[in-house]
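Okay, my_file03.txt is below, compact mmCIF, C-alpha atoms:
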# COMPACT_ATOMS: atom_id res chain seq x y z
CA MET A 1 6.49 17.96 26.04
CA ASP A 2 9.80 16.57 24.84
CA ASN A 3 9.52 13.65 27.27
CA LEU A 4 5.94 13.05 26.15
CA ALA A 5 7.03 12.92 22.51
CA LYS A 6 9.87 10.51 23.31
CA ARG A 7 7.55 8.25 25.30
CA ARG A 8 4.95 8.16 22.54
CA LEU A 9 7.62 7.58 19.93
CA ALA A 10 8.96 4.63 21.93
CA GLU A 11 5.44 3.18 22.24
CA ASN A 12 4.80 3.68 18.53
CA THR A 13 8.11 2.01 17.62
CA LYS A 14 7.33 -0.92 19.90
CA ARG A 15 3.89 -1.37 18.35
CA ASN A 16 5.23 -1.13 14.81
CA LEU A 17 7.94 -3.68 15.55
CA ARG A 18 5.32 -6.06 16.94
CA TYR A 19 3.33 -5.88 13.71
CA LEU A 20 6.38 -5.85 11.45
CA ARG A 21 7.51 -9.17 12.93
CA LEU A 22 4.20 -10.61 11.78
CA VAL A 23 4.29 -8.87 8.39
CA PHE A 24 7.85 -9.87 7.53
CA ASN A 25 7.42 -13.52 8.42
CA ASP A 26 9.55 -16.25 6.88
CA PHE A 27 7.21 -16.77 3.93
CA PHE A 28 6.93 -13.09 3.08
CA VAL A 29 10.66 -12.45 3.44
CA LEU A 30 11.44 -15.38 1.14
CA ALA A 31 8.85 -14.09 -1.32
CA LEU A 32 10.41 -10.60 -1.24
CA ILE A 33 13.90 -12.00 -1.76
CA PHE A 34 12.62 -14.14 -4.60
CA LEU A 35 10.77 -11.25 -6.27
CA PHE A 36 13.57 -8.74 -5.79
CA GLY A 37 16.17 -11.21 -7.05
CA GLY A 38 14.02 -12.03 -10.06
CA PHE A 39 13.49 -8.34 -10.79
CA MET A 40 17.19 -7.52 -10.52
CA TYR A 41 18.07 -10.48 -12.76
CA TRP A 42 15.53 -9.32 -15.35
CA TYR A 43 16.81 -5.74 -14.96
CA ALA A 44 20.42 -6.81 -15.56
CA GLN A 45 19.47 -8.96 -18.55
CA SER A 46 17.20 -6.37 -20.16
CA LEU A 47 19.35 -3.27 -19.65
CA PRO A 48 21.87 -4.03 -22.44
CA LYS A 49 19.02 -4.70 -24.90
CA ILE A 50 17.28 -1.35 -24.35
CA PRO A 51 18.15 1.39 -26.89
CA ASN A 52 20.10 4.40 -25.66
CA ASN A 53 18.78 7.94 -25.16
CA LEU A 54 15.18 7.65 -26.28
CA TRP A 55 13.23 10.85 -25.75
CA PHE A 56 10.82 9.47 -23.14
CA TYR A 57 13.47 7.96 -20.82
CA LYS A 58 13.95 11.14 -18.81
CA LEU A 59 10.20 11.65 -18.62
CA ILE A 60 9.70 8.16 -17.18
CA LEU A 61 12.60 8.64 -14.74
CA ALA A 62 11.16 11.98 -13.57
CA MET A 63 7.78 10.33 -13.03
CA ALA A 64 9.39 7.49 -11.06
CA PHE A 65 11.30 9.92 -8.84
CA THR A 66 8.14 11.97 -8.25
CA VAL A 67 6.20 8.85 -7.22
CA GLY A 68 9.10 8.01 -4.89
CA LEU A 69 8.46 11.28 -3.07
CA ILE A 70 4.89 10.32 -2.13
CA PRO A 71 5.43 7.68 0.61
CA GLY A 72 5.95 9.07 4.09
CA GLU A 73 3.98 11.71 5.97
CA LEU A 74 4.57 13.77 9.08
CA VAL A 75 4.20 11.66 12.24
CA THR A 76 2.65 13.60 15.13
CA LEU A 77 1.21 10.77 17.32
CA ILE A 78 -1.49 13.16 18.53
CA LYS A 79 -4.40 11.48 20.31
CA LYS A 80 -8.00 12.57 20.58
CA ALA A 81 -7.65 13.35 24.29
CA ASP A 82 -4.93 15.89 23.46
CA LEU A 83 -7.60 18.20 22.06
CA GLN A 84 -8.75 18.75 25.66
CA PHE A 85 -5.77 18.05 27.90
CA LEU A 86 -2.98 19.64 25.82
CA PHE A 87 -5.03 22.43 24.30
CA VAL A 88 -3.15 25.10 26.27
CA LYS A 89 0.25 23.82 25.13
CA ASP A 90 0.33 25.53 21.72
CA SER A 91 3.60 27.26 22.43
CA GLU A 92 5.32 23.96 23.32
CA MET A 93 4.27 21.99 20.22
CA THR A 94 7.50 22.96 18.46
CA VAL A 95 9.42 21.10 21.17
CA TYR A 96 6.99 18.17 20.99
CA LEU A 97 7.35 17.78 17.21
CA GLN A 98 11.13 18.26 17.03
CA ASN A 99 12.10 14.57 17.29
CA LEU A 100 8.98 13.40 15.46
CA LYS A 101 9.98 15.44 12.40
CA LYS A 102 13.32 13.62 12.27
CA TYR A 103 11.57 10.27 12.73
CA SER A 104 9.23 11.08 9.83
CA LEU A 105 12.20 11.32 7.46
CA VAL A 106 13.51 7.79 8.10
CA LEU A 107 11.10 5.74 5.94
CA PRO A 108 10.94 8.24 3.02
CA TYR A 109 14.73 8.46 2.85
CA ILE A 110 15.06 4.65 2.87
CA ILE A 111 12.60 4.41 -0.03
CA LEU A 112 14.33 7.20 -1.95
CA THR A 113 17.73 5.57 -1.41
CA LEU A 114 16.48 2.26 -2.84
CA LEU A 115 14.88 4.02 -5.79
CA ILE A 116 17.96 6.13 -6.50
CA GLY A 117 20.21 3.06 -6.29
CA ILE A 118 18.02 0.97 -8.61
CA ALA A 119 17.70 3.76 -11.18
CA PHE A 120 21.41 4.65 -11.23
CA PRO A 121 22.50 1.94 -13.76
CA PHE A 122 19.71 2.98 -16.11
CA ALA A 123 20.59 6.68 -15.84
CA GLY A 124 24.31 6.05 -16.25
CA ILE A 125 24.16 3.54 -19.11
CA LYS A 126 21.10 4.63 -21.10
CA LEU A 127 21.09 8.36 -20.42
CA GLY A 128 24.85 8.84 -20.19
CA MET A 129 24.68 10.74 -16.90
CA GLN A 130 27.86 11.24 -14.93
CA PHE A 131 28.05 10.36 -11.26
CA TRP A 132 28.12 13.97 -10.01
CA GLU A 133 25.15 14.85 -12.25
CA TYR A 134 23.16 11.99 -10.77
CA LEU A 135 24.34 12.93 -7.29
CA ILE A 136 22.77 16.38 -7.69
CA ILE A 137 19.46 14.74 -8.65
CA ALA A 138 19.66 12.58 -5.52
CA VAL A 139 20.30 15.60 -3.29
CA LEU A 140 17.34 17.36 -4.94
CA LEU A 141 15.07 14.44 -4.07
CA TYR A 142 16.15 14.42 -0.43
CA LEU A 143 15.65 18.18 -0.18
CA LEU A 144 12.21 18.00 -1.81
CA LYS A 145 11.04 15.38 0.69
CA ALA A 146 12.38 17.41 3.63
CA ILE A 147 10.59 20.51 2.28
CA TYR A 148 7.35 18.57 1.88
CA LEU A 149 7.43 17.37 5.50
CA GLN A 150 8.21 20.89 6.67
CA LEU A 151 5.18 22.16 4.71
CA GLU A 152 3.08 19.53 6.45
CA TYR A 153 4.49 20.68 9.76
CA LEU A 154 3.71 24.35 9.09
CA SER A 155 0.23 23.48 7.78
CA LEU A 156 -0.72 22.35 11.29
CA SER A 157 -1.19 26.04 12.09
CA PHE A 158 -4.06 28.23 10.93
CA GLN A 159 -1.82 30.51 8.85
CA TYR A 160 -0.13 28.04 6.49
CA HIS A 161 -1.80 26.03 3.76
CA TYR A 162 -0.37 24.05 0.86
CA SER A 163 -1.56 21.89 -2.03
CA LYS A 164 -0.19 18.37 -2.41
CA VAL A 165 -1.05 18.26 -6.10
CA LEU A 166 0.70 21.56 -6.76
CA PHE A 167 3.78 20.48 -4.80
CA TYR A 168 4.17 17.21 -6.70
CA LEU A 169 3.53 18.96 -10.02
CA ILE A 170 6.28 21.51 -9.31
CA ALA A 171 8.56 18.71 -8.07
CA PHE A 172 7.98 16.72 -11.27
CA LEU A 173 8.71 19.72 -13.50
CA GLY A 174 11.85 20.55 -11.52
CA ILE A 175 13.15 16.95 -11.63
CA TYR A 176 12.41 16.69 -15.35
CA ALA A 177 14.19 19.99 -16.08
CA SER A 178 17.18 18.82 -14.01
CA LEU A 179 17.38 15.60 -16.03
CA LEU A 180 17.26 17.55 -19.29
CA ASP A 181 19.98 20.05 -18.46
CA PHE A 182 22.87 19.99 -15.97
CA ALA A 183 22.83 23.78 -15.55
CA ALA A 184 19.13 23.63 -14.63
CA SER A 185 19.84 21.01 -11.96
CA VAL A 186 22.57 23.21 -10.41
CA ALA A 187 20.30 26.26 -10.46
CA LEU A 188 17.45 24.29 -8.94
CA LEU A 189 19.74 22.89 -6.24
CA ILE A 190 20.86 26.39 -5.24
CA ALA A 191 17.25 27.62 -5.22
CA LEU A 192 16.11 24.65 -3.13
CA ILE A 193 18.88 25.14 -0.59
CA GLY A 194 17.84 28.77 -0.18
CA PHE A 195 14.15 27.83 0.07
CA THR A 196 14.98 25.09 2.59
CA ILE A 197 16.82 27.56 4.82
CA TYR A 198 13.89 29.96 4.60
CA ILE A 199 11.08 27.47 5.25
CA PHE A 200 12.89 25.78 8.13
CA SER A 201 13.31 29.17 9.79
CA GLN A 202 9.53 29.61 9.95
CA LYS A 203 7.91 29.05 13.32
CA LEU A 204 4.76 27.12 14.12
CA GLU A 205 2.10 29.36 15.62
CA SER A 206 -1.59 29.02 16.53
CA PHE A 207 -1.63 25.23 16.44
CA ASP A 208 -4.75 23.71 14.83
CA TRP A 209 -5.45 20.72 17.07
CA THR A 210 -8.42 19.40 15.11
CA LYS A 211 -6.54 19.34 11.81
CA ALA A 212 -3.50 17.76 13.45
CA TYR A 213 -5.57 15.01 15.06
CA GLU A 214 -7.47 14.22 11.84
CA LYS A 215 -4.26 14.00 9.83
CA GLU A 216 -2.66 11.69 12.37
CA ARG A 217 -5.79 9.52 12.59
CA ILE A 218 -5.87 9.08 8.81
CA ARG A 219 -2.14 8.39 8.68
CA GLN A 220 -2.27 5.77 11.42
CA ASN A 221 -5.30 4.06 9.90
CA ARG A 222 -3.45 3.88 6.58
CA VAL A 223 -0.56 2.14 8.33
CA PHE A 224 -2.97 -0.24 10.09
CA ILE A 225 -4.60 -1.08 6.76
CA PHE A 226 -1.19 -2.17 5.47
CA TYR A 227 -0.60 -4.32 8.55
CA SER A 228 -4.09 -5.83 8.27
CA MET A 229 -3.13 -7.33 4.91
CA PHE A 230 -0.96 -9.78 6.85
CA THR A 231 -2.44 -10.05 10.35
CA ASP A 232 -5.36 -8.95 12.53
CA VAL A 233 -5.06 -5.34 13.69
CA SER A 234 -7.40 -4.37 16.51
CA GLU A 235 -6.62 -0.64 16.18
CA LYS A 236 -7.74 -0.43 12.56
CA ALA A 237 -11.03 1.29 11.88
CA ILE A 238 -12.99 -0.71 9.30
CA VAL A 239 -14.75 1.50 6.78
CA ILE A 240 -17.30 -0.27 4.60
CA LYS A 241 -17.23 1.44 1.22
CA ARG A 242 -19.55 1.02 -1.70
CA ARG A 243 -17.77 0.29 -4.97
CA LYS A 244 -20.27 1.12 -7.67
CA TYR A 245 -18.19 -0.52 -10.39
CA LEU A 246 -18.74 -3.87 -8.63
CA ASP A 247 -22.50 -3.50 -8.16
CA PHE A 248 -23.15 -5.56 -11.29
CA TRP A 249 -21.66 -8.54 -9.44
CA LEU A 250 -24.18 -8.09 -6.64
CA ASN A 251 -27.07 -7.98 -9.10
CA PHE A 252 -26.49 -11.65 -9.85
CA GLN A 253 -27.19 -12.46 -6.20
CA LYS A 254 -30.42 -10.49 -5.77
CA ALA A 255 -32.49 -13.32 -7.19
CA LYS A 256 -30.91 -15.78 -4.74
CA ASN A 257 -31.27 -16.10 -0.97
CA ALA A 258 -30.55 -13.23 1.39
CA ASN A 259 -27.67 -15.01 3.09
CA GLN A 260 -25.64 -15.28 -0.10
CA PHE A 261 -26.40 -11.69 -1.04
CA LEU A 262 -25.15 -10.45 2.37
CA LEU A 263 -21.94 -12.46 2.10
CA GLN A 264 -21.28 -11.32 -1.47
CA ARG A 265 -21.96 -7.72 -0.50
CA ASN A 266 -19.52 -7.89 2.42
CA LEU A 267 -16.86 -9.52 0.26
CA LEU A 268 -17.03 -6.67 -2.25
CA ARG A 269 -17.31 -3.79 0.23
CA ASN A 270 -15.27 -4.89 3.23
CA PRO A 271 -11.69 -3.66 2.69
CA ASP A 272 -10.27 -6.68 4.53
CA TYR A 273 -11.63 -9.21 2.04
CA ILE A 274 -11.54 -7.26 -1.21
CA SER A 275 -7.95 -6.17 -0.51
CA LEU A 276 -7.03 -9.78 0.29
CA LEU A 277 -8.42 -10.96 -3.05
CA VAL A 278 -6.68 -8.16 -4.97
CA ARG A 279 -3.40 -8.62 -3.11
CA MET A 280 -3.22 -12.38 -3.69
CA THR A 281 -4.14 -11.97 -7.36
CA ILE A 282 -1.43 -9.35 -7.89
CA PHE A 283 1.04 -11.59 -6.06
CA ALA A 284 0.23 -14.49 -8.42
CA ILE A 285 0.65 -12.18 -11.43
CA LEU A 286 4.03 -10.95 -10.14
CA LEU A 287 5.17 -14.55 -9.69
CA SER A 288 4.12 -15.30 -13.26
CA PHE A 289 6.10 -12.30 -14.42
CA MET A 290 9.26 -13.25 -12.50
CA VAL A 291 9.29 -17.01 -13.19
CA THR A 292 9.89 -18.13 -16.75
CA ASP A 293 9.19 -21.85 -16.30
CA MET A 294 5.48 -22.40 -17.01
CA ASN A 295 5.24 -25.53 -14.84
CA MET A 296 6.63 -23.68 -11.84
CA VAL A 297 4.25 -20.79 -12.55
CA LEU A 298 1.34 -23.25 -12.51
CA ILE A 299 2.42 -24.71 -9.15
CA LEU A 300 2.91 -21.29 -7.56
CA SER A 301 -0.41 -20.00 -8.91
CA ALA A 302 -2.21 -23.06 -7.55
CA LEU A 303 -0.61 -22.37 -4.15
CA VAL A 304 -1.83 -18.77 -4.25
CA VAL A 305 -5.38 -19.91 -5.11
CA PHE A 306 -5.33 -22.34 -2.17
CA LEU A 307 -4.06 -19.65 0.23
CA THR A 308 -6.74 -17.27 -1.00
CA ALA A 309 -9.46 -19.83 -0.33
CA TYR A 310 -8.05 -20.51 3.15
CA GLN A 311 -7.93 -16.82 4.08
CA LEU A 312 -11.49 -16.19 2.83
CA LEU A 313 -12.96 -18.85 5.15
CA PRO A 314 -13.61 -16.42 8.06
CA ILE A 315 -16.29 -14.79 5.90
CA LYS A 316 -18.60 -17.47 7.28
CA ARG A 317 -18.60 -15.82 10.72
CA LEU A 318 -19.15 -12.24 9.53
CA TYR A 319 -22.67 -11.86 10.88
CA GLN A 320 -22.58 -14.24 13.84
CA ARG A 321 -22.34 -11.34 16.33
CA HIS A 322 -25.11 -9.28 14.73
CA ILE A 323 -28.37 -9.68 16.66
CA MET A 324 -30.56 -8.70 13.71
CA TYR A 325 -28.98 -11.45 11.63
CA HIS A 326 -30.28 -14.08 14.04
CA VAL A 327 -33.86 -12.77 13.98
CA MET A 328 -34.04 -12.67 10.19
CA PRO A 329 -36.09 -15.48 8.58
CA ILE A 330 -33.11 -17.10 6.87
CA LYS A 331 -31.28 -20.38 7.30
CA ARG A 332 -28.43 -20.36 9.80
CA ASP A 333 -26.49 -23.11 8.03
CA ASN A 334 -24.73 -21.02 5.39
CA ILE A 335 -22.11 -23.52 4.20
CA ARG A 336 -23.55 -23.65 0.69
CA GLU A 337 -23.71 -19.85 0.43
CA VAL A 338 -20.14 -19.39 1.71
CA LYS A 339 -18.94 -22.05 -0.73
CA SER A 340 -20.68 -20.25 -3.62
CA VAL A 341 -19.29 -16.81 -2.70
CA VAL A 342 -15.71 -18.07 -2.26
CA THR A 343 -15.96 -20.09 -5.48
CA TRP A 344 -16.94 -17.00 -7.47
CA ALA A 345 -14.04 -15.08 -5.92
CA LEU A 346 -11.58 -17.85 -6.80
CA LEU A 347 -12.97 -18.10 -10.33
CA LEU A 348 -12.43 -14.37 -10.84
CA GLN A 349 -8.88 -14.73 -9.54
CA VAL A 350 -8.13 -17.65 -11.90
CA ILE A 351 -9.52 -15.70 -14.87
CA MET A 352 -7.25 -12.72 -14.11
CA ILE A 353 -4.21 -15.01 -13.74
CA VAL A 354 -4.91 -16.81 -17.03
CA ILE A 355 -5.38 -13.52 -18.89
CA PHE A 356 -1.99 -12.39 -17.66
CA TRP A 357 -0.46 -15.72 -18.71
CA ILE A 358 -1.68 -15.14 -22.24
CA VAL A 359 -0.23 -11.60 -22.27
CA ILE A 360 3.16 -12.64 -20.87
CA PHE A 361 3.93 -15.96 -22.51
CA LYS A 362 2.11 -15.34 -25.82
CA ILE A 363 1.73 -19.07 -26.28
CA SER A 364 -1.08 -21.52 -25.81
CA VAL A 365 -1.75 -21.88 -22.09
CA LEU A 366 -5.04 -23.71 -22.41
CA LEU A 367 -3.71 -26.87 -20.79
CA ASN A 368 -2.24 -25.03 -17.80
CA ALA A 369 -5.36 -22.87 -17.52
CA ALA A 370 -7.52 -26.00 -17.53
CA ILE A 371 -5.36 -27.60 -14.82
CA LEU A 372 -5.56 -24.45 -12.67
CA LEU A 373 -9.34 -24.30 -13.15
CA ILE A 374 -9.74 -27.97 -12.20
CA PHE A 375 -7.58 -27.40 -9.11
CA MET A 376 -9.77 -24.44 -8.13
CA LEU A 377 -12.93 -26.54 -8.58
CA LEU A 378 -11.46 -29.29 -6.40
CA ILE A 379 -10.76 -26.74 -3.68
CA ALA A 380 -14.29 -25.35 -3.96
CA ASN A 381 -16.09 -28.70 -4.00
CA ILE A 382 -13.93 -30.82 -1.68
CA TYR A 383 -11.71 -28.67 0.53
CA LEU A 384 -14.18 -25.85 1.29
CA PRO A 385 -17.15 -28.03 2.41
CA LEU A 386 -14.89 -30.12 4.65
CA LYS A 387 -13.24 -27.07 6.18
CA LEU A 388 -16.54 -25.25 6.70
CA LYS A 389 -18.16 -28.24 8.39
CA LYS A 390 -15.12 -28.58 10.62
CA LYS A 391 -15.44 -24.96 11.73
CA ASN A 392 -19.07 -25.38 12.81
Let me see the structure of the file written as structure tokens.
Amino acid sequence: MDNLAKRRLAENTKRNLRYLRLVFNDFFVLALIFLFGGFMYWYAQSLPKIPNNLWFYKLILAMAFTVGLIPGELVTLIKKADLQFLFVKDSEMTVYLQNLKKYSLVLPYIILTLLIGIAFPFAGIKLGMQFWEYLIIAVLLYLLKAIYLQLEYLSLSFQYHYSKVLFYLIAFLGIYASLLDFAASVALLIALIGFTIYIFSQKLESFDWTKAYEKERIRQNRVFIFYSMFTDVSEKAIVIKRRKYLDFWLNFQKAKNANQFLLQRNLLRNPDYISLLVRMTIFAILLSFMVTDMNMVLILSALVVFLTAYQLLPIKRLYQRHIMYHVMPIKRDNIREVKSVVTWALLLQVIMIVIFWIVIFKISVLLNAAILLIFMLLIANIYLPLKLKKKN
């Protein structure tokens, strides 16, 4: 079982590295460096201007640390076939999961380290915390994440159950109390060390294979969804989900032809396309927040709009493999419908960007908004028809 776990871990690492090379491409790495540098510059410039020791600082810091505990779940790499072929190996699952438990701690600890490092200047300057006081908070966070993963590990049996909401609520209250009082942080550290020793001494018995497989399937699909934001992922299971709060947008299409209604419906309910639209819009907003020069913001926003239009083009081929689509009494040439659907999506994106411009810059941005709108219309009326005809 140990060799099986090592082999699966090596295969999983190889697959993740293959996708990570595509995710962290040159453009995305430059964008991350640009955004992180802009954030750190803003952080350094704003920190001296923030008042000291306001009552809600520790509350915000406790909330940030609690959110930092969320990423990262137990990796088991259990496959569906294991429910039949490894069903008699309950007693050896402790050996199988030994290295996987250590692997599961890598990403959460990296995220916590970044969060702790970024928050340290704020805690030291604005809250007046000493280094050893902050060090105790850091150790508490690492212990809490280790305890959470151990609870996940024990919950794979029939005997143990835990509540995520209750765990994070207790973690938040403990972190907040530790920030308020140094004695409370020391007492909590001692209690956590004792609880860690106790919970790690518990053994895994009566392994629940169905629960373990479902948890791993959901975890892997969540990872694949992240990868699919940047590249095609064949392993990802696409789940079409109705979003009732967007149904009003579909109502505008009911009076039009069926082809346009189908495309609009897929755009709003397919996670690949709706997440693409949301992701690119948020990226444009972050760029607007980081860059202070309005002309540069306009250029970058126009680039984001163009990239969004380019990545939405495959929506034209959504139903080409569906047999029932070809027997329906509708026109096969859907260039006009695709152009209309993508145009509405781009218009919504431009509106969200302009609203954020008004909130950030608090000055008249009508000229820049008009330029961005004209650029979007040029893309919709010139670039899209040419590109769609070329793809026929």
> Which distance in Å separates CA of Gly38 (chain A) and CA of Met290 (chain A), to one decimal?
Replying inline: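 Distance reported for this atom pair: 5.5 Å.
Shortest atom-to-atom contact with Ile175 (chain A) among A:Ala62, A:Leu105, A:Ala81, A:Val95: A:Ala62, counting only C-alpha atoms.
Minimum atom-to-atom distance to Leu189 (chain A), evaluated using all atoms listed in the file, belongs to A:Ala138 out of A:Leu17, A:Ala138, A:Val223, A:Ile355.
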>> I want to know what sits within 9 Å of region 145-156 of chain A, based on all atoms listed in the file, with residues of the same chain fewer than 5 positions away left out; could you give that as a count of residues only?
In response: 31
>> So the first atom is CA of Ile137 (chain A) and the second is CA of Leu179 (chain A); what is the distance between them in Å, to one decimal place?
In response: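 So the answer is 7.7 Å.
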Give me, as a PDB file with C-alpha atoms, in the frame of the given file, all polymer residues having an atom no more than 9 Å from Leu9 (chain A), counting all atoms listed in the file and skipping those fewer than 5 positions away in the same chain.
ATOM      1  CA  LEU A   4       5.940  13.050  26.150  1.00  0.00           C
ATOM      2  CA  LYS A  14       7.330  -0.920  19.900  1.00  0.00           C
ATOM      3  CA  LEU A  77       1.210  10.770  17.320  1.00  0.00           C
ATOM      4  CA  ASN A  99      12.100  14.570  17.290  1.00  0.00           C
ATOM      5  CA  LEU A 100       8.980  13.400  15.460  1.00  0.00           C
ATOM      6  CA  TYR A 103      11.570  10.270  12.730  1.00  0.00           C
TER       7      TYR A 103
END
>> When you look at Ile360 (chain A) with a cut-off of 10 Å (counting only C-alpha atoms), what residues show up, excluding the ones that are within fewer than 6 positions of it in the same chain? I need them as a ChimeraX atom specification.
In response: /A:285,288-289,292,354
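Interatomic distance, CA of Lys389 (chain A) against CA of Trp344 (chain A): 19.5 Å.
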> Which residue gives the smallest distance to Leu47 (chain A) among A:Leu267, A:Leu127, A:Leu30, A:Val106, with only C-alpha atoms counted?
Replying inline: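 Between A:Leu267, A:Leu127, A:Leu30, A:Val106, the residue approaching Leu47 (chain A) most closely is A:Leu127.
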>> Taking all atoms listed in the file into account, name the residue in A:Gln349, A:Tyr383, A:Leu268, A:Phe65 that is nearest to Ser178 (chain A).
In response: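 Answer, going by the shortest atom-to-atom distance: A:Phe65.
Using all atoms listed in the file, the nearest neighbour of Ile351 (chain A) within the list A:Ile136, A:Glu337, A:Asn25, A:Ala284 is A:Ala284.
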> Taking only C-alpha atoms into account, which of A:Asn270, A:Ser185, A:Ser234, A:Pro71 comes nearest Leu107 (chain A)?
Replying inline: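 So, comparing all the options, the nearest one is A:Pro71.
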>> Taking 5 positions as the minimum chain separation for residues in the same chain, which residues sit within 10 Å of Asn53 (chain A) when counting all atoms listed in the file? Answer as a PyMOL selection string.
In response: chain A and resi 58+123+125-128
>> I want to know what sits within 10 Å of Ile379 (chain A), based on only C-alpha atoms, with residues of the same chain fewer than 3 positions away left out; could you give that as a ChimeraX atom specification?
In response: /A:305-306,309-310,339,343,346,373-376,382-386
All heavy atoms for region 204-210 of chain A, written as an mmCIF file, in the coordinates of the input, could you do that?
data_model
loop_
_atom_site.group_PDB
_atom_site.id
_atom_site.type_symbol
_atom_site.label_atom_id
_atom_site.label_comp_id
_atom_site.auth_asym_id
_atom_site.auth_seq_id
_atom_site.Cartn_x
_atom_site.Cartn_y
_atom_site.Cartn_z
ATOM 1 N N LEU A 204 6.131 27.630 14.060
ATOM 2 C CA LEU A 204 4.760 27.120 14.120
ATOM 3 C C LEU A 204 3.981 27.907 15.171
ATOM 4 O O LEU A 204 4.341 27.932 16.340
ATOM 5 C CB LEU A 204 4.778 25.632 14.488
ATOM 6 C CG LEU A 204 3.421 24.920 14.534
ATOM 7 C CD1 LEU A 204 2.811 24.879 13.141
ATOM 8 C CD2 LEU A 204 3.584 23.514 15.085
ATOM 9 N N GLU A 205 2.922 28.552 14.721
ATOM 10 C CA GLU A 205 2.100 29.360 15.620
ATOM 11 C C GLU A 205 0.635 28.979 15.468
ATOM 12 O O GLU A 205 0.222 28.437 14.449
ATOM 13 C CB GLU A 205 2.299 30.857 15.313
ATOM 14 C CG GLU A 205 3.743 31.338 15.501
ATOM 15 C CD GLU A 205 3.917 32.794 15.112
ATOM 16 O OE1 GLU A 205 2.917 33.381 14.645
ATOM 17 O OE2 GLU A 205 5.030 33.321 15.273
ATOM 18 N N SER A 206 -0.137 29.285 16.509
ATOM 19 C CA SER A 206 -1.590 29.020 16.530
ATOM 20 C C SER A 206 -1.898 27.617 16.023
ATOM 21 O O SER A 206 -2.460 27.432 14.956
ATOM 22 C CB SER A 206 -2.344 30.074 15.702
ATOM 23 O OG SER A 206 -1.927 30.029 14.347
ATOM 24 N N PHE A 207 -1.513 26.636 16.803
ATOM 25 C CA PHE A 207 -1.630 25.230 16.440
ATOM 26 C C PHE A 207 -3.093 24.824 16.263
ATOM 27 O O PHE A 207 -3.932 25.071 17.138
ATOM 28 C CB PHE A 207 -0.970 24.373 17.520
ATOM 29 C CG PHE A 207 -0.738 22.946 17.122
ATOM 30 C CD1 PHE A 207 0.287 22.615 16.250
ATOM 31 C CD2 PHE A 207 -1.553 21.943 17.612
ATOM 32 C CE1 PHE A 207 0.503 21.300 15.899
ATOM 33 C CE2 PHE A 207 -1.334 20.633 17.264
ATOM 34 C CZ PHE A 207 -0.315 20.311 16.400
ATOM 35 N N ASP A 208 -3.398 24.189 15.131
ATOM 36 C CA ASP A 208 -4.750 23.710 14.830
ATOM 37 C C ASP A 208 -4.865 22.257 15.293
ATOM 38 O O ASP A 208 -4.480 21.319 14.589
ATOM 39 C CB ASP A 208 -5.019 23.816 13.320
ATOM 40 C CG ASP A 208 -6.484 23.559 12.977
ATOM 41 O OD1 ASP A 208 -7.191 22.963 13.820
ATOM 42 O OD2 ASP A 208 -6.913 23.929 11.873
ATOM 43 N N TRP A 209 -5.404 22.054 16.478
ATOM 44 C CA TRP A 209 -5.450 20.720 17.070
ATOM 45 C C TRP A 209 -6.366 19.776 16.304
ATOM 46 O O TRP A 209 -6.047 18.597 16.132
ATOM 47 C CB TRP A 209 -5.924 20.826 18.532
ATOM 48 C CG TRP A 209 -4.893 21.419 19.432
ATOM 49 C CD1 TRP A 209 -4.755 22.737 19.780
ATOM 50 C CD2 TRP A 209 -3.842 20.720 20.092
ATOM 51 N NE1 TRP A 209 -3.681 22.895 20.616
ATOM 52 C CE2 TRP A 209 -3.104 21.670 20.829
ATOM 53 C CE3 TRP A 209 -3.447 19.382 20.130
ATOM 54 C CZ2 TRP A 209 -2.007 21.327 21.599
ATOM 55 C CZ3 TRP A 209 -2.351 19.034 20.910
ATOM 56 C CH2 TRP A 209 -1.645 19.997 21.623
ATOM 57 N N THR A 210 -7.479 20.266 15.835
ATOM 58 C CA THR A 210 -8.420 19.400 15.110
ATOM 59 C C THR A 210 -7.813 18.887 13.821
ATOM 60 O O THR A 210 -7.905 17.690 13.503
ATOM 61 C CB THR A 210 -9.718 20.185 14.811
ATOM 62 O OG1 THR A 210 -10.277 20.679 16.025
ATOM 63 C CG2 THR A 210 -10.727 19.292 14.105
#
